[in-house]
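Written out below as structure tokens is the structure these notes cover.
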Amino acid sequence: MDNNELKKERIALFKDTIQRNDPKRIAHFGNLFSWKVLDAGYTLTEALYDYDVMENVIRDTASKYKVDVIYEFGWRNPLQAIESLGNKTYLIDDKTFTLNIDDQCLMEEEEYDELISNPKKYLWEKLIPRKHRYLKDKNGTEAFRVFLKKYGEMGEYLGKATRIMEEDYGLASFFPQVVAFDAFGNGLELLFNSLRGIRGLSLDIRRFPDKVEAAIEALNETFVKPRLEKAKKVMGKGSSPDTCVDFNPVFFSHTIFNNKQFERFYWPYMKMIADYLEEYDKLCYIFAEGDSSRFYEFYQEFPKNRIVLHVEQDDIFEAKKKLPNLTIAGGMPTTLLGKGTPDQCVAYVKKLIDKLAYDKNYIFSEDKMISFPYDCQPENLKAVCDYLYAFRY
Amino acid sequence: MKNDITRYPEGYEQLKEEELVFLPDNQKIKDEFMLDILQFLTQW
């Protein structure tokens with residue numbers, strides 16, 4: 001089988017699993033983040049500031065581990081682009097192999113009305129210059145040119161890395177780039193991750209929920225709805241033949257909500273996406289950080305055979321029982337990959353297969369984004385990948 | 001400030017019209033690109 005056939009087989013594997021169309025084996029979503037840099041013998045500084053090094057990292061990972069998708073291939077930490085504008089949010093420590101990102105609370109609580117009345121104006125005039133301070137300089141135009149160059153280089157690298165994964169290793173691309181930014185780009189996640197921060201938004205939803213709700217709507221009108229309309233027009237109906245899924249939202253902010261707040265602040269967005277998936281015959285992979293088991297009554301309303309839920313800290317066996325409408329993904333504990341033996345890890349894979357894949361409707365993955373040295377031992381990941389790749393239903 | 005590109009819509013439109021020379025001369029494409037930039041800079 002050549003790499004193009006292998007890529008197509010891997011894409012079909014994801015689709016067949018989600019749509020319950022008799023897949024022949026279990027797809028492996030490689031949830032491999034910055035750990036792979038260390039595993040390839042580089043520091044974070046070396047990899048994040050040199051796309052040739054990051055390419056070597058991807059080649060190293062693709063050569064060693066038989067995963068079906070390498071989800072993160074250099075897009076997660078776009079330091080070269082943002083630091084060209086003076087943004088120093090990311091703090092790298094190569095000695096401990098850690099990358100920390102400040103909880104960002106660059107929007108003041110009294111600025112909600114400005115954001116709501118004109119999101120583009122507020123973001124461009126207030127928020128963005130606070131993060132990317134060179135834009136405010138008298139040579140702001142020149143700073144923007146430098147940024148555009150770096151942004152372009154990032155785009156070129158990501159395109160090249162995608163081609164390398166597909167053509168040289170037969171790996172599958174995960175989702176179409178036309179909706180790429182929507183992964184984290186809905187109004188609520190922008191408020192949570194980029195504007196008000198965890199603490200700020202946690203307080204805001206209690207002190208002035210109406211303004212939070214209006215801000216989410218204004219941001220969604222600005223960013224989500226135009227892209228959704230574009231996706232409808234450009235991609236039409238039916239799942240893309242070139243990618244495993246069509247849409248890949250990542251949920252972070254749900255972790256601060258109780259059910260009532262979730263229903264008010266998050267569910268309208270999720271329902272909009274669910275309706276799109278159903279109307280346009282699309283497939284979706286949700287990564288839900290933390291524990292979202294208290295929201296299963298909402299998830300039970302999602303359409304059947306269209307959505308994967310990757311659980312991070314939920315009891316995955318309970319999720320499987322309570323969400324028969326969804327494909328469950330995840331389950332391989334990073335604690336075991338980091339501290340166990342290859343035999344222990346393979347034994348756990350067998351347990352996951354036994355408990356979760358009895359109906360051929362399960363996608364294997366590491367529960368958390370593998371990021372730190374102690375998240376995984378190479379020999380454990382290799383043993384897991386080899387066993388899983390050889391397994392047939 | 002005369003050359004303050006962080007003014008909206010003046011600075012935003014100026015960059016869109018004068019700096020995106022690598023894009024086709026198509027208003028819709030330029031609008032979408034600047035929206036991507038706006039979100040990228042907000043997000044990251």
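Simple scheme: letters A, B, ... for chains in structure tokens order, numbers from 1 for residues in each chain, numbers from 1 for ligands in the order shown.
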With a distance cut-off of 10 Å and only C-alpha atoms, select the neighbouring residues of Thr42 of chain B, excluding the residue or stretch itself and same-chain residues fewer than 6 positions from it, and output the selection as a ChimeraX atom specification. /A:123-124,127-129,131-132,185,190-191,193-195 /B:36
Residues within 12 Å of Glu18 of chain B, only C-alpha atoms, excluding chain neighbours under 5 positions, as a PyMOL selection string: (chain A and resi 141-142+144-145) or (chain B and resi 5+10-13+23+25+30)
Go ahead and save the residues from that selection, with N, CA and C atoms, as a PDB file, in the first residue's frame.
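Heads up, here's the output in again-v1.pdb:
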```pdb
ATOM      1  N   THR A 141       3.295  50.269  11.295  1.00  0.00           N
ATOM      2  CA  THR A 141       3.120  49.664   9.966  1.00  0.00           C
ATOM      3  C   THR A 141       4.265  48.708   9.660  1.00  0.00           C
ATOM      4  N   GLU A 142       5.481  49.128   9.994  1.00  0.00           N
ATOM      5  CA  GLU A 142       6.645  48.267   9.760  1.00  0.00           C
ATOM      6  C   GLU A 142       6.543  47.006  10.631  1.00  0.00           C
ATOM      7  N   PHE A 144       3.837  45.593  11.607  1.00  0.00           N
ATOM      8  CA  PHE A 144       2.813  44.742  10.993  1.00  0.00           C
ATOM      9  C   PHE A 144       3.387  43.988   9.793  1.00  0.00           C
ATOM     10  N   ARG A 145       4.266  44.660   9.025  1.00  0.00           N
ATOM     11  CA  ARG A 145       4.914  43.983   7.878  1.00  0.00           C
ATOM     12  C   ARG A 145       5.769  42.808   8.347  1.00  0.00           C
TER      13      ARG A 145
ATOM     14  N   ILE B   5      -1.798  52.944  13.506  1.00  0.00           N
ATOM     15  CA  ILE B   5      -2.525  51.898  12.762  1.00  0.00           C
ATOM     16  C   ILE B   5      -3.498  51.142  13.653  1.00  0.00           C
ATOM     17  N   GLU B  10      -9.872  53.307  10.582  1.00  0.00           N
ATOM     18  CA  GLU B  10      -8.856  53.912   9.705  1.00  0.00           C
ATOM     19  C   GLU B  10      -7.595  53.054   9.547  1.00  0.00           C
ATOM     20  N   GLY B  11      -6.957  52.733  10.695  1.00  0.00           N
ATOM     21  CA  GLY B  11      -5.707  51.974  10.632  1.00  0.00           C
ATOM     22  C   GLY B  11      -5.904  50.573  10.086  1.00  0.00           C
ATOM     23  N   TYR B  12      -6.974  49.948  10.530  1.00  0.00           N
ATOM     24  CA  TYR B  12      -7.311  48.588  10.094  1.00  0.00           C
ATOM     25  C   TYR B  12      -7.492  48.546   8.581  1.00  0.00           C
ATOM     26  N   GLU B  13      -8.252  49.513   8.065  1.00  0.00           N
ATOM     27  CA  GLU B  13      -8.516  49.547   6.621  1.00  0.00           C
ATOM     28  C   GLU B  13      -7.255  49.905   5.838  1.00  0.00           C
ATOM     29  N   LEU B  23      -2.016  39.297  -1.766  1.00  0.00           N
ATOM     30  CA  LEU B  23      -3.322  38.668  -2.022  1.00  0.00           C
ATOM     31  C   LEU B  23      -3.884  39.139  -3.364  1.00  0.00           C
ATOM     32  N   ASP B  25      -6.393  40.942  -5.890  1.00  0.00           N
ATOM     33  CA  ASP B  25      -7.087  42.214  -5.698  1.00  0.00           C
ATOM     34  C   ASP B  25      -8.588  41.958  -5.611  1.00  0.00           C
ATOM     35  N   LYS B  30      -9.542  39.918   0.922  1.00  0.00           N
ATOM     36  CA  LYS B  30      -8.823  40.778   1.871  1.00  0.00           C
ATOM     37  C   LYS B  30      -9.578  40.905   3.196  1.00  0.00           C
TER      38      LYS B  30
END
```
| message | I'd like the contact shell of Asp60 of chain A - 12 Å cut-off, only C-alpha atoms, skipping same-chain residues fewer than 2 positions apart - returned as number ranges by chain. | response | A: 36-42, 53-58, 62-66, 70, 73, 164-165, 168-169, 378
Restricted to C-alpha atoms, what would the selected residues look like written as a compact mmCIF listing (two decimals), in the first residue's frame?
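After the write, result-v5.txt holds the following:
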```txt
# COMPACT_ATOMS: atom_id res chain seq x y z
CA LYS A 36 7.49 14.95 20.99
CA VAL A 37 10.04 17.77 20.79
CA LEU A 38 11.93 16.35 23.76
CA ASP A 39 11.50 12.83 22.40
CA ALA A 40 13.14 13.91 19.14
CA GLY A 41 16.13 15.29 21.05
CA TYR A 42 15.47 19.03 20.88
CA VAL A 53 13.73 21.69 13.55
CA MET A 54 9.96 21.31 13.97
CA GLU A 55 9.87 19.45 10.65
CA ASN A 56 12.52 17.07 12.01
CA VAL A 57 10.36 16.56 15.11
CA ILE A 58 7.34 15.63 12.99
CA ALA A 62 5.89 9.84 12.32
CA SER A 63 8.78 7.40 11.87
CA LYS A 64 8.69 5.98 15.38
CA TYR A 65 5.04 5.76 16.34
CA LYS A 66 2.25 4.16 14.31
CA ILE A 70 -0.39 13.61 14.56
CA PHE A 73 2.30 19.53 14.12
CA ILE A 164 5.09 15.69 4.66
CA MET A 165 2.73 13.82 6.98
CA ASP A 168 5.97 10.78 3.22
CA TYR A 169 4.19 8.93 6.03
CA PRO A 378 8.96 6.40 24.48
```
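Atom to atom, atom CA of Trp35 of chain A and atom CA of Asn87 of chain A stand 23.8 Å apart.
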Show me, as JSON, numbers by chain, the residues that have an atom within 12 Å of Ser240 of chain A when counting only C-alpha atoms, minus same-chain residues fewer than 2 positions from it.
{"A": [8, 11, 12, 14, 15, 173, 174, 175, 176, 177, 178, 231, 232, 234, 235, 236, 237, 238, 242, 243, 244, 245, 246, 247, 280, 281, 282, 283, 284]}
Selection export as a compact mmCIF listing (two decimals), in the first residue's frame, atoms kept: C-alpha atoms:
```txt
# COMPACT_ATOMS: atom_id res chain seq x y z
CA LYS A 8 -7.11 7.36 2.53
CA ILE A 11 -9.30 8.89 6.87
CA ALA A 12 -11.87 6.19 6.17
CA PHE A 14 -12.16 7.66 11.41
CA LYS A 15 -15.27 8.17 9.31
CA SER A 173 -5.07 15.32 7.90
CA PHE A 174 -7.55 15.87 10.64
CA PHE A 175 -9.88 18.71 9.68
CA PRO A 176 -10.23 21.26 6.84
CA GLN A 177 -8.36 24.51 7.33
CA VAL A 178 -11.30 26.63 6.15
CA ALA A 231 -17.89 26.61 5.26
CA LYS A 232 -21.45 25.99 4.07
CA VAL A 234 -17.16 26.32 0.12
CA MET A 235 -17.48 22.83 1.55
CA GLY A 236 -21.10 22.13 0.74
CA LYS A 237 -22.84 19.06 2.06
CA GLY A 238 -21.19 15.77 2.99
CA ASP A 242 -9.59 14.71 2.44
CA THR A 243 -9.83 14.88 6.22
CA CYS A 244 -10.91 12.64 9.10
CA VAL A 245 -13.56 15.05 10.36
CA ASP A 246 -15.02 18.38 9.27
CA PHE A 247 -14.98 20.35 12.45
CA TYR A 280 -24.78 19.57 6.15
CA ASP A 281 -23.98 15.93 6.86
CA LYS A 282 -20.69 16.66 8.68
CA LEU A 283 -18.51 14.92 11.25
CA CYS A 284 -17.07 16.56 14.33
```
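In this structure, the chain B residues at most 8 Å away from chain A are Asn3, Asp4, Ile5, Thr6, Arg7, Tyr8, Pro9, Tyr12, Leu15, Glu19, Leu35, Asp36, Leu38, Gln39, Phe40, Leu41, Thr42, Gln43 and Trp44 of chain B, with only C-alpha atoms considered.
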Give me a file of those residues, with C-alpha atoms, as a short mmCIF file (atom, residue, chain, number, x, y, z; two decimals), in the first residue's frame.
```
data_model
loop_
_atom_site.label_atom_id
_atom_site.label_comp_id
_atom_site.auth_asym_id
_atom_site.auth_seq_id
_atom_site.Cartn_x
_atom_site.Cartn_y
_atom_site.Cartn_z
CA ASN B 3 0.18 57.06 11.75
CA ASP B 4 -1.58 55.13 14.50
CA ILE B 5 -2.53 51.90 12.76
CA THR B 6 -4.41 50.71 15.84
CA ARG B 7 -7.28 53.08 15.05
CA TYR B 8 -10.45 51.42 13.79
CA PRO B 9 -11.55 51.55 11.07
CA TYR B 12 -7.31 48.59 10.09
CA LEU B 15 -3.32 47.95 6.50
CA GLU B 19 -0.14 45.89 3.09
CA LEU B 35 -10.60 38.88 10.00
CA ASP B 36 -8.25 35.89 10.36
CA LEU B 38 -7.87 39.97 13.95
CA GLN B 39 -8.79 36.66 15.50
CA PHE B 40 -5.22 35.32 15.47
CA LEU B 41 -3.92 38.39 17.30
CA THR B 42 -6.83 38.25 19.77
CA GLN B 43 -6.43 34.56 20.37
CA TRP B 44 -2.67 34.19 20.61
#
```
Residue contacts of Leu309 of chain A (7 Å, only C-alpha atoms) excluding same-chain residues fewer than 3 positions away, as a list in words: Tyr285, Ile286, Phe287, Leu326, Thr327, Ile328 and Ala329 of chain A
Write the residues of the selection above to a file with N, CA and C atoms, as a short mmCIF file (atom, residue, chain, number, x, y, z; two decimals), in the first residue's frame.
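Final output, result_35.cif:
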```
data_model
loop_
_atom_site.label_atom_id
_atom_site.label_comp_id
_atom_site.auth_asym_id
_atom_site.auth_seq_id
_atom_site.Cartn_x
_atom_site.Cartn_y
_atom_site.Cartn_z
N TYR A 285 -15.18 16.36 15.84
CA TYR A 285 -14.40 15.78 16.94
C TYR A 285 -14.22 16.86 18.00
N ILE A 286 -14.82 16.64 19.16
CA ILE A 286 -14.73 17.62 20.25
C ILE A 286 -13.68 17.15 21.25
N PHE A 287 -12.73 18.02 21.56
CA PHE A 287 -11.83 17.74 22.68
C PHE A 287 -12.34 18.55 23.86
N LEU A 326 -22.82 9.22 20.83
CA LEU A 326 -21.52 9.76 20.44
C LEU A 326 -20.47 8.66 20.32
N THR A 327 -19.41 8.95 19.58
CA THR A 327 -18.22 8.10 19.60
C THR A 327 -17.32 8.65 20.70
N ILE A 328 -16.88 7.79 21.58
CA ILE A 328 -16.01 8.24 22.67
C ILE A 328 -14.56 8.02 22.27
N ALA A 329 -13.71 9.01 22.58
CA ALA A 329 -12.28 8.92 22.29
C ALA A 329 -11.49 9.22 23.55
#
```
(message) Show me, as a PyMOL selection string, the residues that have an atom within 12 Å of Asp343 of chain A when counting only C-alpha atoms, minus same-chain residues fewer than 2 positions from it.
(response) chain A and resi 336-337+339-341+345-350+379-384+387
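Put simply, atom CA of Pro373 of chain A is 19.3 Å away from atom CA of Arg59 of chain A.
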I'd like the contact shell of Ser292 of chain A - 8 Å cut-off, only C-alpha atoms, skipping same-chain residues fewer than 2 positions apart - returned as a PyMOL selection string.
chain A and resi 254-255+288-290+294-296+311+314
